[in-house]
$ cat start28.txt   # compact mmCIF, C-alpha atoms
# COMPACT_ATOMS: atom_id res chain seq x y z
CA MET A 1 -54.59 -59.57 6.88
CA ARG A 2 -53.48 -57.48 3.86
CA GLN A 3 -51.05 -55.60 6.12
CA LYS A 4 -49.56 -58.89 7.34
CA ILE A 5 -49.06 -60.03 3.73
CA LYS A 6 -47.29 -56.75 2.91
CA VAL A 7 -45.02 -57.11 5.93
CA THR A 8 -44.27 -60.75 5.05
CA LEU A 9 -43.43 -59.85 1.44
CA ALA A 10 -41.22 -57.02 2.66
CA PHE A 11 -39.24 -59.39 4.86
CA ILE A 12 -38.93 -61.91 2.01
CA ALA A 13 -37.65 -59.17 -0.30
CA LEU A 14 -35.25 -57.93 2.35
CA GLY A 15 -33.96 -61.46 2.84
CA PHE A 16 -33.52 -61.90 -0.92
CA PHE A 17 -31.56 -58.69 -1.38
CA SER A 18 -29.47 -59.38 1.72
CA THR A 19 -28.62 -62.84 0.38
CA PHE A 20 -27.88 -61.38 -3.07
CA SER A 21 -25.69 -58.67 -1.58
CA CYS A 22 -23.79 -61.15 0.55
CA SER A 23 -23.23 -63.47 -2.40
CA GLN A 24 -21.80 -60.60 -4.42
CA GLU A 25 -19.65 -59.38 -1.53
CA ALA A 26 -18.36 -62.92 -0.98
CA TRP A 27 -16.41 -62.81 -4.26
CA PRO A 28 -13.68 -63.94 -4.37
CA THR A 29 -13.90 -67.15 -2.37
CA HIS A 30 -10.88 -68.87 -3.93
CA PRO A 31 -7.66 -67.95 -5.81
CA ILE A 32 -7.76 -65.83 -8.97
CA THR A 33 -5.53 -66.52 -11.99
CA MET A 34 -3.94 -63.52 -13.68
CA VAL A 35 -2.87 -64.62 -17.15
CA VAL A 36 0.21 -62.83 -18.46
CA PRO A 37 0.37 -63.81 -22.15
CA PHE A 38 4.17 -63.58 -22.35
CA PRO A 39 7.16 -65.25 -20.68
CA PRO A 40 8.73 -63.76 -17.54
CA GLY A 41 11.03 -60.79 -18.11
CA GLY A 42 8.78 -58.60 -20.24
CA VAL A 43 6.66 -55.52 -19.54
CA ALA A 44 3.38 -57.38 -18.89
CA ASP A 45 5.13 -59.60 -16.34
CA ALA A 46 6.96 -56.65 -14.75
CA VAL A 47 3.63 -54.87 -14.23
CA GLY A 48 1.48 -57.92 -13.57
CA ARG A 49 3.45 -59.40 -10.66
CA PRO A 50 3.47 -56.38 -8.32
CA VAL A 51 -0.16 -55.63 -9.20
CA ALA A 52 -1.14 -59.25 -8.51
CA GLU A 53 0.63 -59.14 -5.14
CA ALA A 54 -1.24 -55.97 -4.16
CA MET A 55 -4.56 -57.39 -5.35
CA SER A 56 -3.95 -60.51 -3.26
CA ARG A 57 -3.58 -58.36 -0.15
CA LEU A 58 -6.63 -56.25 -0.98
CA LEU A 59 -8.95 -59.12 -1.94
CA GLY A 60 -7.86 -61.58 0.74
CA GLN A 61 -7.31 -64.30 -1.88
CA PRO A 62 -4.18 -65.24 -3.84
CA VAL A 63 -3.92 -63.71 -7.32
CA ILE A 64 -1.63 -66.16 -9.09
CA VAL A 65 0.31 -65.07 -12.18
CA GLU A 66 0.28 -67.63 -14.99
CA ASN A 67 2.61 -66.95 -17.92
CA LYS A 68 0.82 -68.32 -20.99
CA ALA A 69 3.07 -67.30 -23.88
CA GLY A 70 2.90 -67.68 -27.63
CA ALA A 71 1.65 -66.05 -30.84
CA GLY A 72 2.70 -62.56 -29.75
CA GLY A 73 0.42 -62.81 -26.72
CA GLY A 74 -2.51 -64.21 -28.69
CA ILE A 75 -2.63 -67.60 -26.96
CA GLY A 76 -3.01 -66.18 -23.46
CA MET A 77 -5.37 -63.42 -24.56
CA ALA A 78 -7.62 -65.92 -26.36
CA ALA A 79 -7.61 -68.21 -23.31
CA VAL A 80 -8.99 -65.41 -21.11
CA ALA A 81 -11.43 -64.18 -23.76
CA LYS A 82 -12.96 -67.67 -23.88
CA SER A 83 -12.78 -68.39 -20.14
CA LYS A 84 -15.70 -68.52 -17.71
CA PRO A 85 -16.75 -64.91 -16.93
CA ASP A 86 -16.73 -65.29 -13.16
CA GLY A 87 -13.84 -63.00 -12.19
CA TYR A 88 -11.48 -65.86 -11.44
CA THR A 89 -9.53 -65.54 -14.70
CA ILE A 90 -8.20 -62.08 -15.50
CA LEU A 91 -5.71 -60.81 -18.09
CA MET A 92 -2.74 -58.44 -17.87
CA ALA A 93 -2.34 -57.51 -21.52
CA LEU A 94 -0.12 -55.22 -23.54
CA SER A 95 -1.19 -53.00 -26.42
CA SER A 96 -0.70 -55.95 -28.79
CA ILE A 97 -4.24 -56.90 -27.77
CA SER A 98 -5.35 -54.14 -30.18
CA ILE A 99 -3.28 -55.63 -32.99
CA ILE A 100 -3.72 -59.40 -32.96
CA PRO A 101 -7.32 -59.71 -34.26
CA GLU A 102 -6.50 -57.58 -37.32
CA ALA A 103 -3.20 -59.43 -37.80
CA ASP A 104 -5.14 -62.71 -37.90
CA LYS A 105 -7.23 -61.29 -40.75
CA VAL A 106 -4.19 -60.06 -42.67
CA VAL A 107 -2.41 -63.40 -42.36
CA GLY A 108 -5.58 -65.27 -43.32
CA ARG A 109 -5.87 -67.43 -40.22
CA GLU A 110 -8.84 -68.01 -37.95
CA GLN A 111 -9.19 -65.21 -35.40
CA SER A 112 -7.93 -66.36 -32.01
CA PHE A 113 -10.24 -63.89 -30.27
CA GLN A 114 -12.16 -60.69 -30.96
CA LEU A 115 -11.88 -57.41 -29.08
CA ASN A 116 -15.53 -57.48 -28.04
CA GLN A 117 -14.86 -60.66 -26.03
CA LEU A 118 -12.82 -58.69 -23.50
CA LYS A 119 -13.71 -55.80 -21.21
CA PRO A 120 -11.10 -53.32 -19.91
CA ILE A 121 -10.77 -52.79 -16.15
CA ALA A 122 -7.79 -50.46 -15.77
CA ARG A 123 -4.60 -49.29 -17.46
CA PHE A 124 -1.46 -49.16 -15.30
CA THR A 125 1.38 -48.03 -17.55
CA ALA A 126 1.84 -46.60 -21.05
CA ASP A 127 5.45 -46.33 -22.16
CA PRO A 128 6.93 -45.67 -25.58
CA THR A 129 9.12 -48.46 -26.88
CA VAL A 130 12.87 -47.81 -26.92
CA LEU A 131 15.30 -48.72 -29.73
CA VAL A 132 18.27 -50.53 -28.20
CA VAL A 133 21.47 -52.17 -29.43
CA ARG A 134 24.31 -53.91 -27.60
CA ALA A 135 26.83 -51.63 -25.94
CA ASP A 136 29.60 -53.13 -28.06
CA SER A 137 27.79 -52.40 -31.34
CA PRO A 138 29.32 -49.84 -33.73
CA TRP A 139 26.25 -47.57 -33.50
CA LYS A 140 26.65 -44.76 -31.00
CA ASP A 141 23.49 -42.90 -32.05
CA TYR A 142 20.43 -43.27 -34.26
CA LYS A 143 22.08 -41.47 -37.20
CA SER A 144 24.85 -44.06 -37.48
CA PHE A 145 22.36 -46.89 -36.98
CA VAL A 146 20.00 -45.87 -39.78
CA ALA A 147 22.93 -45.16 -42.12
CA ALA A 148 24.20 -48.73 -41.60
CA MET A 149 20.72 -50.22 -42.16
CA ARG A 150 20.27 -48.34 -45.43
CA ALA A 151 23.74 -49.25 -46.65
CA ASN A 152 23.34 -52.96 -45.82
CA PRO A 153 19.76 -54.12 -46.52
CA GLY A 154 19.12 -57.50 -44.94
CA LYS A 155 22.52 -57.76 -43.25
CA TYR A 156 21.20 -56.94 -39.78
CA ASN A 157 18.24 -58.26 -37.81
CA PHE A 158 15.99 -57.31 -34.93
CA GLY A 159 14.21 -59.39 -32.30
CA SER A 160 10.65 -59.16 -31.09
CA SER A 161 8.09 -60.82 -28.82
CA GLY A 162 6.38 -62.34 -31.87
CA ASN A 163 4.80 -61.37 -35.18
CA TYR A 164 2.67 -58.21 -34.88
CA GLY A 165 3.51 -57.84 -31.20
CA THR A 166 4.44 -54.62 -29.39
CA MET A 167 8.12 -55.11 -30.22
CA HIS A 168 7.51 -55.97 -33.86
CA VAL A 169 5.02 -53.26 -34.91
CA PRO A 170 7.12 -50.22 -33.88
CA MET A 171 10.15 -51.59 -35.77
CA GLU A 172 8.02 -52.11 -38.88
CA MET A 173 6.78 -48.52 -38.50
CA LEU A 174 10.41 -47.34 -38.32
CA LYS A 175 11.51 -49.44 -41.31
CA SER A 176 8.63 -48.17 -43.42
CA SER A 177 9.15 -44.54 -42.40
CA GLN A 178 12.92 -44.57 -42.95
CA LYS A 179 12.99 -46.95 -45.92
CA PHE A 180 15.45 -49.59 -44.77
CA TYR A 181 15.27 -53.36 -44.40
CA MET A 182 16.17 -55.59 -41.45
CA VAL A 183 15.41 -59.28 -40.93
CA HIS A 184 12.78 -59.95 -38.26
CA ILE A 185 13.52 -62.68 -35.67
CA PRO A 186 10.40 -63.40 -33.57
CA TYR A 187 10.73 -64.83 -30.04
CA THR A 188 8.02 -65.90 -27.59
CA GLY A 189 8.32 -62.74 -25.50
CA ALA A 190 10.42 -59.74 -24.53
CA GLY A 191 12.54 -61.70 -22.05
CA PRO A 192 13.84 -64.22 -24.62
CA ALA A 193 14.28 -61.42 -27.20
CA ILE A 194 16.45 -59.44 -24.77
CA VAL A 195 18.50 -62.57 -24.07
CA GLY A 196 18.91 -62.89 -27.84
CA LEU A 197 20.18 -59.32 -28.07
CA LEU A 198 22.64 -59.76 -25.20
CA GLY A 199 23.84 -63.04 -26.67
CA GLY A 200 24.44 -61.59 -30.11
CA GLN A 201 21.67 -63.48 -31.91
CA VAL A 202 19.97 -60.20 -32.88
CA ASP A 203 21.38 -56.74 -33.53
CA ALA A 204 18.61 -54.51 -32.20
CA LEU A 205 15.12 -54.45 -30.75
CA ALA A 206 12.35 -52.15 -29.58
CA THR A 207 11.00 -52.77 -26.08
CA GLY A 208 9.43 -51.00 -23.12
CA PRO A 209 11.74 -49.19 -20.68
CA SER A 210 10.83 -51.41 -17.73
CA SER A 211 12.19 -54.54 -19.44
CA ILE A 212 15.50 -52.99 -20.55
CA VAL A 213 16.41 -50.01 -18.34
CA GLN A 214 18.47 -52.11 -15.90
CA GLN A 215 20.52 -53.50 -18.80
CA ILE A 216 21.06 -49.93 -20.02
CA LYS A 217 22.19 -48.78 -16.57
CA ALA A 218 24.50 -51.80 -16.33
CA GLY A 219 26.17 -50.73 -19.58
CA LYS A 220 25.18 -53.88 -21.47
CA VAL A 221 22.94 -52.18 -24.05
CA ARG A 222 22.66 -48.70 -25.55
CA ALA A 223 19.40 -46.83 -26.15
CA LEU A 224 19.38 -44.84 -29.40
CA ALA A 225 15.88 -43.34 -29.53
CA HIS A 226 12.30 -43.93 -28.42
CA TRP A 227 8.83 -43.83 -29.93
CA GLY A 228 7.39 -41.29 -27.45
CA ASP A 229 6.75 -37.58 -27.24
CA GLY A 230 9.44 -35.76 -25.25
CA ARG A 231 12.11 -37.17 -22.93
CA LEU A 232 11.53 -40.11 -20.59
CA ALA A 233 12.19 -39.68 -16.88
CA SER A 234 13.95 -43.05 -16.75
CA LEU A 235 16.10 -42.28 -19.84
CA PRO A 236 16.50 -38.48 -19.94
CA ASP A 237 19.44 -38.56 -22.36
CA VAL A 238 17.62 -40.59 -25.03
CA PRO A 239 15.90 -38.53 -27.77
CA SER A 240 12.48 -39.30 -29.17
CA PHE A 241 12.10 -40.02 -32.87
CA LYS A 242 10.06 -36.81 -33.06
CA GLU A 243 13.13 -34.88 -31.91
CA LEU A 244 15.13 -36.62 -34.63
CA GLY A 245 12.62 -35.63 -37.31
CA VAL A 246 11.04 -39.09 -37.61
CA LYS A 247 7.26 -38.78 -37.27
CA ILE A 248 6.31 -42.05 -35.60
CA GLU A 249 4.90 -42.85 -32.16
CA PHE A 250 4.08 -46.08 -30.39
CA ALA A 251 3.15 -46.80 -26.77
CA GLN A 252 3.46 -50.17 -25.06
CA TRP A 253 0.80 -50.02 -22.36
CA ALA A 254 -0.19 -52.64 -19.80
CA GLY A 255 -3.81 -53.03 -18.74
CA LEU A 256 -6.17 -55.39 -16.93
CA PHE A 257 -9.06 -57.14 -18.75
CA VAL A 258 -11.80 -59.67 -18.03
CA PRO A 259 -14.21 -61.60 -20.28
CA THR A 260 -16.97 -59.25 -21.44
CA ALA A 261 -19.81 -61.18 -19.76
CA THR A 262 -18.24 -60.84 -16.30
CA PRO A 263 -20.97 -59.47 -13.94
CA ASP A 264 -20.87 -55.74 -13.20
CA ALA A 265 -20.63 -56.36 -9.45
CA ILE A 266 -17.35 -58.23 -9.98
CA THR A 267 -15.92 -55.83 -12.57
CA ASN A 268 -16.71 -52.89 -10.30
CA LYS A 269 -14.93 -54.63 -7.44
CA LEU A 270 -11.94 -55.27 -9.70
CA ARG A 271 -11.94 -51.59 -10.73
CA GLU A 272 -11.83 -50.55 -7.06
CA VAL A 273 -9.01 -52.97 -6.30
CA ALA A 274 -7.06 -52.04 -9.45
CA LYS A 275 -7.20 -48.36 -8.48
CA LEU A 276 -5.97 -49.14 -4.98
CA ALA A 277 -3.20 -51.32 -6.42
CA ALA A 278 -2.12 -48.53 -8.80
CA ASN A 279 -1.73 -46.24 -5.80
CA ASP A 280 -0.12 -48.84 -3.55
CA GLU A 281 3.34 -47.74 -2.37
CA ARG A 282 4.91 -51.14 -3.01
CA VAL A 283 3.49 -51.36 -6.53
CA ARG A 284 4.58 -47.85 -7.43
CA ALA A 285 8.07 -48.46 -6.02
CA VAL A 286 8.57 -51.66 -8.04
CA ILE A 287 7.12 -50.43 -11.34
CA THR A 288 8.60 -46.92 -11.28
CA GLY A 289 11.90 -48.41 -10.09
CA ALA A 290 11.92 -50.53 -13.24
CA GLY A 291 11.57 -47.42 -15.39
CA SER A 292 7.81 -47.19 -15.97
CA PRO A 293 5.80 -44.42 -14.28
CA ILE A 294 2.26 -45.37 -13.29
CA GLN A 295 -0.17 -43.90 -15.84
CA TYR A 296 -3.46 -45.15 -14.42
CA MET A 297 -6.78 -45.05 -16.28
CA ASP A 298 -10.08 -46.30 -14.85
CA ALA A 299 -12.35 -48.42 -17.06
CA PRO A 300 -14.39 -45.69 -18.86
CA GLU A 301 -11.34 -43.60 -19.81
CA PHE A 302 -9.33 -46.70 -20.66
CA LYS A 303 -12.15 -48.02 -22.88
CA ALA A 304 -12.22 -44.76 -24.89
CA TYR A 305 -8.42 -44.81 -25.19
CA TRP A 306 -8.42 -48.47 -26.26
CA ASP A 307 -11.14 -47.96 -28.87
CA LYS A 308 -9.23 -45.09 -30.48
CA GLU A 309 -5.92 -46.95 -30.47
CA SER A 310 -7.45 -50.15 -31.84
CA ALA A 311 -8.80 -48.25 -34.84
CA GLN A 312 -5.34 -46.79 -35.49
CA MET A 313 -3.66 -50.19 -35.19
CA VAL A 314 -5.96 -51.65 -37.86
CA ASP A 315 -4.44 -49.18 -40.34
CA VAL A 316 -0.88 -49.89 -39.16
CA VAL A 317 -1.28 -53.67 -39.51
CA LYS A 318 -2.78 -53.32 -42.97
CA LYS A 319 0.25 -51.25 -44.02
CA ILE A 320 2.65 -53.88 -42.63
CA GLY A 321 0.80 -56.55 -44.55
CA LYS A 322 1.25 -60.29 -44.34
CA VAL A 323 4.20 -61.51 -42.30
CA GLU A 324 4.96 -65.23 -42.27

$ encode --input "start28.txt" --output "structure tokens"
Amino acid sequence: MRQKIKVTLAFIALGFFSTFSCSQEAWPTHPITMVVPFPPGGVADAVGRPVAEAMSRLLGQPVIVENKAGAGGGIGMAAVAKSKPDGYTILMALSSISIIPEADKVVGREQSFQLNQLKPIARFTADPTVLVVRADSPWKDYKSFVAAMRANPGKYNFGSSGNYGTMHVPMEMLKSSQKFYMVHIPYTGAGPAIVGLLGGQVDALATGPSSIVQQIKAGKVRALAHWGDGRLASLPDVPSFKELGVKIEFAQWAGLFVPTATPDAITNKLREVAKLAANDERVRAVITGAGSPIQYMDAPEFKAYWDKESAQMVDVVKKIGKVE
């Protein structure tokens, strides 16, 4: 009798774990929304769309990109941070995710989200921002540009994707380091800011290579310098600020996040799929073709990288101070 009970319990347990396993393996059973917290035309969108297409193929369910722009990316990031942690709402964020919570404090507004509400899955790219001006501008190199800015404080302006975003912060770092003043014109994302540059509404901007390299190749804009370390493969003739004796660096990375409470079984599945997507030939062709080499990091390495960078960005935002 006791043996029969043991056998019965064993079968019940086996059935339970089989059902549990199947329920976990069944995810996803319907489309997933990938929130890109910027308008089309920027780095997050340029990375997010090919990754979403690859994930759709790998998961067998559509991964639909939703551009939810505003507040330098804060609106879309907050929406995902506060969403149901079931794996059906994911976020393709830029490095501004490390900046916005501290910026909220500096400005004195209610925090839209906190970093501990989001969990990193994978990093796909990490490019230094590039200082660009229109091709018809009088500045042929960084030396002539900075001389003009110092000689004419407030005469010229620069565009960005929004206050404290990844296009704003590097320019503030440059202004502070080189002691000149330009007027800041915030847009809702990199795409509109680039349109503003091409249309003559702004004089300069800092943006990731993938969102501007085609305009550089077409001869519409000129790259003067970048915030990286060494030359870029996509822009080999453009010097880094380090080469020019300006000691500043800034990387505009793109990475995948989910709400922190998302179950491990789902986050692990997303990690597997993200890694496959990062190595997918179509994804690599599109992203590298746009000027951004894949610089993949899995969740543990990405988390350590993100933690370190977030701490550094707190200091940078405090130095920038309150921006209206």

$ closest_residue --input "start28.txt" --among "A:Val213, A:Arg150, A:Asp104, A:Pro31" --to "Ser176 (chain A)" --atoms "all atoms listed in the file"
A:Arg150

$ closest_residue --input "start28.txt" --among "A:Phe145, A:Phe158, A:Trp227, A:Phe124" --to "Val43 (chain A)" --atoms "all atoms listed in the file"
A:Phe124

$ residues_around --input "start28.txt" --residues "region 127-130 of chain A" --least-positions-apart "6" --cutoff "10 Å" --atoms "all atoms listed in the file" --output "PDB file with C-alpha atoms, in the frame of the given file"
ATOM      1  CA  VAL A  43       6.660 -55.520 -19.540  1.00  0.00           C
ATOM      2  CA  THR A 166       4.440 -54.620 -29.390  1.00  0.00           C
ATOM      3  CA  MET A 167       8.120 -55.110 -30.220  1.00  0.00           C
ATOM      4  CA  PRO A 170       7.120 -50.220 -33.880  1.00  0.00           C
ATOM      5  CA  MET A 171      10.150 -51.590 -35.770  1.00  0.00           C
ATOM      6  CA  LEU A 205      15.120 -54.450 -30.750  1.00  0.00           C
ATOM      7  CA  ALA A 206      12.350 -52.150 -29.580  1.00  0.00           C
ATOM      8  CA  THR A 207      11.000 -52.770 -26.080  1.00  0.00           C
ATOM      9  CA  GLY A 208       9.430 -51.000 -23.120  1.00  0.00           C
ATOM     10  CA  PRO A 209      11.740 -49.190 -20.680  1.00  0.00           C
ATOM     11  CA  SER A 210      10.830 -51.410 -17.730  1.00  0.00           C
ATOM     12  CA  ILE A 212      15.500 -52.990 -20.550  1.00  0.00           C
ATOM     13  CA  VAL A 213      16.410 -50.010 -18.340  1.00  0.00           C
ATOM     14  CA  ARG A 222      22.660 -48.700 -25.550  1.00  0.00           C
ATOM     15  CA  ALA A 223      19.400 -46.830 -26.150  1.00  0.00           C
ATOM     16  CA  LEU A 224      19.380 -44.840 -29.400  1.00  0.00           C
ATOM     17  CA  ALA A 225      15.880 -43.340 -29.530  1.00  0.00           C
ATOM     18  CA  HIS A 226      12.300 -43.930 -28.420  1.00  0.00           C
ATOM     19  CA  TRP A 227       8.830 -43.830 -29.930  1.00  0.00           C
ATOM     20  CA  GLY A 228       7.390 -41.290 -27.450  1.00  0.00           C
ATOM     21  CA  ASP A 229       6.750 -37.580 -27.240  1.00  0.00           C
ATOM     22  CA  LEU A 232      11.530 -40.110 -20.590  1.00  0.00           C
ATOM     23  CA  LEU A 235      16.100 -42.280 -19.840  1.00  0.00           C
ATOM     24  CA  VAL A 238      17.620 -40.590 -25.030  1.00  0.00           C
ATOM     25  CA  PRO A 239      15.900 -38.530 -27.770  1.00  0.00           C
ATOM     26  CA  SER A 240      12.480 -39.300 -29.170  1.00  0.00           C
ATOM     27  CA  PHE A 241      12.100 -40.020 -32.870  1.00  0.00           C
ATOM     28  CA  GLU A 249       4.900 -42.850 -32.160  1.00  0.00           C
ATOM     29  CA  PHE A 250       4.080 -46.080 -30.390  1.00  0.00           C
ATOM     30  CA  ALA A 251       3.150 -46.800 -26.770  1.00  0.00           C
ATOM     31  CA  GLN A 252       3.460 -50.170 -25.060  1.00  0.00           C
ATOM     32  CA  TRP A 253       0.800 -50.020 -22.360  1.00  0.00           C
ATOM     33  CA  ALA A 254      -0.190 -52.640 -19.800  1.00  0.00           C
ATOM     34  CA  GLY A 291      11.570 -47.420 -15.390  1.00  0.00           C
ATOM     35  CA  SER A 292       7.810 -47.190 -15.970  1.00  0.00           C
ATOM     36  CA  PRO A 293       5.800 -44.420 -14.280  1.00  0.00           C
ATOM     37  CA  ILE A 294       2.260 -45.370 -13.290  1.00  0.00           C
ATOM     38  CA  GLN A 295      -0.170 -43.900 -15.840  1.00  0.00           C
TER      39      GLN A 295
END

$ atom_distance --input "start28.txt" --atom1 "CA of Arg49 (chain A)" --atom2 "CA of Pro236 (chain A)"
26.3 Å

$ residues_around --input "start28.txt" --residues "Ala81 (chain A)" --least-positions-apart "2" --cutoff "9 Å" --atoms "all atoms listed in the file" --output "PyMOL selection string"
chain A and resi 76-79+83-85+91+113-118+257-260

$ atom_distance --input "start28.txt" --atom1 "CA of Ile194 (chain A)" --atom2 "CA of Pro153 (chain A)"
22.6 Å

$ decode --input "start28.txt" --residues "region 86-105 of chain A" --atoms "N, CA, C and O atoms" --output "CSV table (one decimal), in the first residue's frame"
chain,number,residue,atom,x,y,z
A,86,ASP,N,5.3,40.2,-17.6
A,86,ASP,CA,5.0,38.9,-18.2
A,86,ASP,C,5.7,38.6,-19.4
A,86,ASP,O,5.5,37.6,-20.1
A,87,GLY,N,6.7,39.5,-19.8
A,87,GLY,CA,7.5,39.2,-21.0
A,87,GLY,C,6.9,39.7,-22.3
A,87,GLY,O,7.5,39.6,-23.3
A,88,TYR,N,5.7,40.3,-22.2
A,88,TYR,CA,5.0,40.8,-23.4
A,88,TYR,C,5.2,42.3,-23.6
A,88,TYR,O,4.8,42.8,-24.7
A,89,THR,N,5.9,42.9,-22.7
A,89,THR,CA,6.3,44.3,-23.0
A,89,THR,C,7.8,44.4,-22.6
A,89,THR,O,8.2,44.2,-21.5
A,90,ILE,N,8.6,44.7,-23.6
A,90,ILE,CA,10.0,44.8,-23.5
A,90,ILE,C,10.5,46.2,-23.9
A,90,ILE,O,9.7,46.9,-24.6
A,91,LEU,N,11.7,46.6,-23.6
A,91,LEU,CA,12.2,47.9,-23.8
A,91,LEU,C,13.5,47.9,-24.6
A,91,LEU,O,14.4,47.2,-24.1
A,92,MET,N,13.6,48.6,-25.7
A,92,MET,CA,14.9,48.9,-26.3
A,92,MET,C,15.4,50.3,-25.9
A,92,MET,O,14.8,51.2,-26.5
A,93,ALA,N,16.2,50.4,-24.9
A,93,ALA,CA,16.6,51.7,-24.4
A,93,ALA,C,18.0,52.1,-24.8
A,93,ALA,O,18.8,51.3,-25.2
A,94,LEU,N,18.3,53.4,-24.7
A,94,LEU,CA,19.6,53.9,-24.9
A,94,LEU,C,20.2,54.2,-23.5
A,94,LEU,O,19.5,54.1,-22.5
A,95,SER,N,21.4,54.7,-23.5
A,95,SER,CA,22.1,54.9,-22.2
A,95,SER,C,21.5,56.1,-21.4
A,95,SER,O,21.8,56.2,-20.3
A,96,SER,N,20.6,56.8,-22.0
A,96,SER,CA,19.8,57.8,-21.3
A,96,SER,C,19.0,57.2,-20.1
A,96,SER,O,18.6,57.9,-19.2
A,97,ILE,N,18.8,55.9,-20.2
A,97,ILE,CA,18.1,55.2,-19.1
A,97,ILE,C,18.9,55.4,-17.8
A,97,ILE,O,18.3,55.4,-16.7
A,98,SER,N,20.2,55.5,-17.9
A,98,SER,CA,21.0,55.7,-16.7
A,98,SER,C,21.0,57.1,-16.1
A,98,SER,O,21.4,57.4,-15.0
A,99,ILE,N,20.5,58.1,-17.0
A,99,ILE,CA,20.5,59.5,-16.7
A,99,ILE,C,19.2,60.0,-16.1
A,99,ILE,O,19.2,60.8,-15.2
A,100,ILE,N,18.1,59.6,-16.7
A,100,ILE,CA,16.8,60.2,-16.4
A,100,ILE,C,16.4,60.2,-14.9
A,100,ILE,O,15.9,61.3,-14.4
A,101,PRO,N,16.5,59.1,-14.2
A,101,PRO,CA,16.1,59.2,-12.8
A,101,PRO,C,16.9,60.3,-12.0
A,101,PRO,O,16.2,61.0,-11.2
A,102,GLU,N,18.2,60.4,-12.2
A,102,GLU,CA,18.9,61.5,-11.5
A,102,GLU,C,18.5,62.9,-12.0
A,102,GLU,O,18.4,63.8,-11.3
A,103,ALA,N,18.2,63.0,-13.3
A,103,ALA,CA,17.8,64.2,-13.9
A,103,ALA,C,16.5,64.7,-13.3
A,103,ALA,O,16.3,65.9,-13.0
A,104,ASP,N,15.6,63.7,-13.0
A,104,ASP,CA,14.3,64.0,-12.4
A,104,ASP,C,14.6,64.7,-11.0
A,104,ASP,O,13.9,65.6,-10.6
A,105,LYS,N,15.5,64.1,-10.3
A,105,LYS,CA,15.9,64.7,-8.9
A,105,LYS,C,16.4,66.1,-9.1
A,105,LYS,O,16.0,67.0,-8.3
